[in-house]
file protein25.tsv (TSV, C-alpha atoms)
chain	number	residue	atom	x	y	z
N	1	MET	CA	97.92	-29.35	-3.45
N	2	HIS	CA	96.70	-32.84	-2.63
N	3	THR	CA	93.03	-33.68	-2.56
N	4	ASN	CA	91.19	-36.82	-1.57
N	5	ARG	CA	89.14	-36.83	-4.76
N	6	PRO	CA	89.56	-39.72	-7.17
N	7	ALA	CA	91.36	-38.97	-10.43
N	8	ASP	CA	88.14	-39.22	-12.49
N	9	GLU	CA	86.41	-36.62	-10.36
N	10	ARG	CA	89.42	-34.27	-10.51
N	11	GLN	CA	89.45	-34.62	-14.29
N	12	GLN	CA	85.72	-33.83	-14.50
N	13	VAL	CA	86.17	-30.76	-12.29
N	14	ALA	CA	89.05	-29.59	-14.49
N	15	GLN	CA	86.97	-30.11	-17.64
N	16	CYS	CA	84.04	-28.14	-16.18
N	17	ALA	CA	86.36	-25.30	-15.22
N	18	ALA	CA	87.87	-25.26	-18.71
N	19	LEU	CA	84.40	-25.21	-20.26
N	20	ARG	CA	83.38	-22.27	-18.03
N	21	ARG	CA	86.50	-20.34	-19.09
N	22	LEU	CA	85.77	-21.06	-22.74
N	23	ARG	CA	82.14	-19.95	-22.45
N	24	ARG	CA	83.25	-16.74	-20.74
N	25	ALA	CA	85.75	-16.11	-23.54
N	26	GLN	CA	83.04	-16.73	-26.14
N	27	ARG	CA	80.68	-14.27	-24.44
N	28	THR	CA	83.50	-11.72	-24.47
N	29	GLU	CA	84.19	-12.39	-28.16
N	30	GLY	CA	80.46	-12.15	-28.90
N	31	ARG	CA	80.38	-8.75	-27.23
N	32	ARG	CA	83.47	-7.74	-29.20
N	33	ILE	CA	81.73	-8.72	-32.45
N	34	ARG	CA	78.63	-6.79	-31.37
N	35	GLN	CA	80.78	-3.71	-30.65
N	36	ALA	CA	82.66	-3.97	-33.97
N	37	VAL	CA	79.38	-4.22	-35.92
N	38	ALA	CA	77.95	-1.29	-33.99
N	39	ASP	CA	81.09	0.76	-34.74
N	40	GLY	CA	80.97	-0.23	-38.42
N	41	TYR	CA	77.37	0.90	-38.76
N	42	ALA	CA	77.90	3.98	-36.52
N	43	LEU	CA	75.50	2.61	-33.90
N	44	THR	CA	75.76	1.64	-30.26
N	45	PRO	CA	75.57	-1.95	-29.00
N	46	ALA	CA	72.26	-0.96	-27.37
N	47	HIS	CA	70.85	-0.35	-30.86
N	48	LEU	CA	71.67	-3.93	-31.82
N	49	THR	CA	69.91	-5.33	-28.77
N	50	SER	CA	66.87	-3.05	-29.02
N	51	PRO	CA	63.49	-4.31	-30.26
N	52	CYS	CA	63.51	-1.72	-33.08
N	53	ARG	CA	62.97	-3.23	-36.56
N	54	VAL	CA	64.16	-0.33	-38.73
N	55	ALA	CA	65.87	-1.76	-41.84
N	56	ALA	CA	69.30	-0.28	-41.07
N	57	LEU	CA	69.25	-1.72	-37.55
N	58	ALA	CA	67.93	-5.07	-38.77
N	59	GLU	CA	70.75	-5.36	-41.32
N	60	ALA	CA	73.40	-4.50	-38.72
N	61	ARG	CA	71.87	-7.03	-36.32
N	62	GLN	CA	71.85	-9.71	-39.04
N	63	VAL	CA	75.50	-8.99	-39.84
N	64	ALA	CA	76.32	-9.45	-36.15
N	65	MET	CA	74.40	-12.75	-36.16
N	66	TYR	CA	76.27	-13.91	-39.26
N	67	LEU	CA	79.69	-12.99	-37.85
N	68	MET	CA	78.96	-14.64	-34.51
N	69	ARG	CA	77.76	-17.79	-36.23
N	70	THR	CA	80.80	-17.99	-38.52
N	71	ARG	CA	83.52	-16.85	-36.10
N	72	LEU	CA	82.59	-18.57	-32.83
N	73	LEU	CA	82.93	-22.32	-32.36
N	74	TRP	CA	81.09	-24.46	-29.84
N	75	PRO	CA	83.44	-26.54	-27.68
N	76	LEU	CA	81.16	-29.49	-27.04
N	77	PRO	CA	81.14	-32.47	-29.40
N	78	THR	CA	78.01	-32.02	-31.49
N	79	ARG	CA	77.07	-32.71	-35.07
N	80	ASN	CA	78.52	-29.37	-36.09
N	81	ARG	CA	80.68	-27.05	-34.06
N	82	GLU	CA	78.82	-23.86	-34.91
N	83	PHE	CA	77.94	-21.57	-32.04
N	84	PRO	CA	74.35	-22.22	-30.90
N	85	THR	CA	71.81	-19.81	-32.33
N	86	ALA	CA	70.04	-19.53	-28.97
N	87	ARG	CA	73.20	-18.10	-27.41
N	88	ILE	CA	73.65	-15.67	-30.29
N	89	GLY	CA	70.04	-14.59	-29.82
N	90	ARG	CA	70.70	-13.95	-26.16
N	91	LEU	CA	73.68	-11.73	-27.00
N	92	LEU	CA	71.51	-9.70	-29.37
N	93	GLY	CA	68.56	-8.76	-27.21
N	94	HIS	CA	67.09	-12.18	-26.41
N	95	ARG	CA	66.11	-12.98	-29.99
N	96	ASP	CA	64.63	-16.37	-30.81
N	97	HIS	CA	66.94	-18.97	-32.37
N	98	SER	CA	64.83	-19.03	-35.55
N	99	THR	CA	65.33	-15.26	-35.91
N	100	VAL	CA	69.08	-15.84	-35.74
N	101	LEU	CA	68.90	-18.63	-38.33
N	102	HIS	CA	66.92	-16.35	-40.65
N	103	GLY	CA	69.37	-13.46	-40.17
N	104	VAL	CA	72.38	-15.66	-40.87
N	105	ALA	CA	70.72	-17.10	-43.99
N	106	VAL	CA	69.79	-13.65	-45.32
N	107	ILE	CA	73.33	-12.29	-44.96
N	108	ALA	CA	74.93	-15.46	-46.34
N	109	ALA	CA	72.65	-15.32	-49.40
N	110	ARG	CA	73.36	-11.63	-49.98
N	111	LEU	CA	77.12	-12.18	-49.65
N	112	ALA	CA	77.00	-15.04	-52.16
N	113	SER	CA	74.66	-13.30	-54.61
N	114	GLY	CA	77.21	-11.20	-56.46
N	115	ARG	CA	74.58	-8.51	-57.04
N	116	GLN	CA	75.84	-4.96	-57.33
N	117	GLU	CA	73.38	-3.78	-54.63
N	118	ASP	CA	75.09	-6.07	-52.14
N	119	ALA	CA	78.63	-4.82	-52.83
N	120	SER	CA	78.52	-2.40	-49.90
N	121	LEU	CA	77.36	-5.22	-47.61
N	122	ARG	CA	80.22	-7.45	-48.78
N	123	HIS	CA	82.68	-4.64	-48.15
N	124	MET	CA	81.15	-3.94	-44.72
N	125	VAL	CA	81.40	-7.57	-43.62
N	126	ARG	CA	85.00	-7.82	-44.88
N	127	ALA	CA	85.94	-4.60	-43.07
N	128	ILE	CA	84.35	-5.69	-39.79
N	129	ASP	CA	85.93	-9.12	-40.10
N	130	ALA	CA	89.33	-7.53	-40.73
N	131	THR	CA	88.80	-5.18	-37.78
N	132	LEU	CA	88.10	-8.16	-35.54
N	133	ASP	CA	91.22	-9.89	-36.85
N	134	GLY	CA	93.23	-6.70	-36.32
N	135	THR	CA	94.15	-6.47	-40.01
N	136	TYR	CA	91.96	-3.57	-41.16
N	137	GLU	CA	94.16	-0.92	-42.79
N	138	GLY	CA	91.70	1.96	-42.94
N	139	ALA	CA	90.45	3.91	-45.92
N	140	GLY	CA	91.29	2.67	-49.38
N	141	GLU	CA	90.05	3.76	-52.78
N	142	ASP	CA	86.86	1.68	-52.57
N	143	THR	CA	86.21	2.36	-48.88
N	144	PRO	CA	82.76	3.78	-48.22
N	145	ALA	CA	82.52	7.28	-46.74
N	146	TRP	CA	81.34	5.99	-43.36
N	147	ARG	CA	84.59	4.03	-42.93
N	148	ALA	CA	86.93	6.69	-44.32
N	149	ALA	CA	85.73	9.36	-41.87

call {"tool": "encode", "arguments": {"input": "protein25.tsv", "output": "structure tokens"}}
result
Amino acid sequence: MHTNRPADERQQVAQCAALRRLRRAQRTEGRRIRQAVADGYALTPAHLTSPCRVAALAEARQVAMYLMRTRLLWPLPTRNREFPTARIGRLLGHRDHSTVLHGVAVIAARLASGRQEDASLRHMVRAIDATLDGTYEGAGEDTPAWRAA
């Protein structure tokens, strides 16, 4: 198909279309992460987007924030290519970007702590990550009861 547009304009239109496709794919992947976290915690995605602040829901929501921040990349050239916290907040019930930053920091600190109390969290994040990668093999000897059922 021949158009009368100059080459620069055609290239810009193609770049905008590619960016729209990428953003749509990222929204889909964000929803997939939200669903995997909800499944892992035996919740629904609506629980993760609700305003409820019960500790179990808050932890699941923070895990979703952490996984979205670490798994999704931002396509535009910026200082870092991490997915913007404002977009993550929007996917999780219109949370503020600072709430997302706090949630990511809390989960990252707990994963790095090595404390025995955080072992189940480490296992949960690994299992959800493996599920998203398609490599989760089901119940093993150290699999928590919620995952083995």

call {"tool": "residues_near_point", "arguments": {"input": "protein25.tsv", "point": "(72.4, -18.0, -40.7)", "cutoff": "9 Å", "atoms": "only C-alpha atoms", "output": "number ranges by chain"}}
result
N: 62, 65-66, 69-70, 85, 99-108

call {"tool": "atom_distance", "arguments": {"input": "protein25.tsv", "atom1": "atom CA of Leu72 of chain N", "atom2": "atom CA of Arg87 of chain N"}}
result
10.9 Å

call {"tool": "atom_distance", "arguments": {"input": "protein25.tsv", "atom1": "atom CA of Leu43 of chain N", "atom2": "atom CA of Gln26 of chain N"}}
result
22.2 Å

call {"tool": "residues_around", "arguments": {"input": "protein25.tsv", "residues": "His94 of chain N", "least_positions_apart": "4", "cutoff": "10 Å", "atoms": "only C-alpha atoms", "output": "ChimeraX atom specification"}}
result
/N:49-51,86-90

call {"tool": "atom_distance", "arguments": {"input": "protein25.tsv", "atom1": "atom CA of Ile128 of chain N", "atom2": "atom CA of Glu59 of chain N"}}
result
13.7 Å
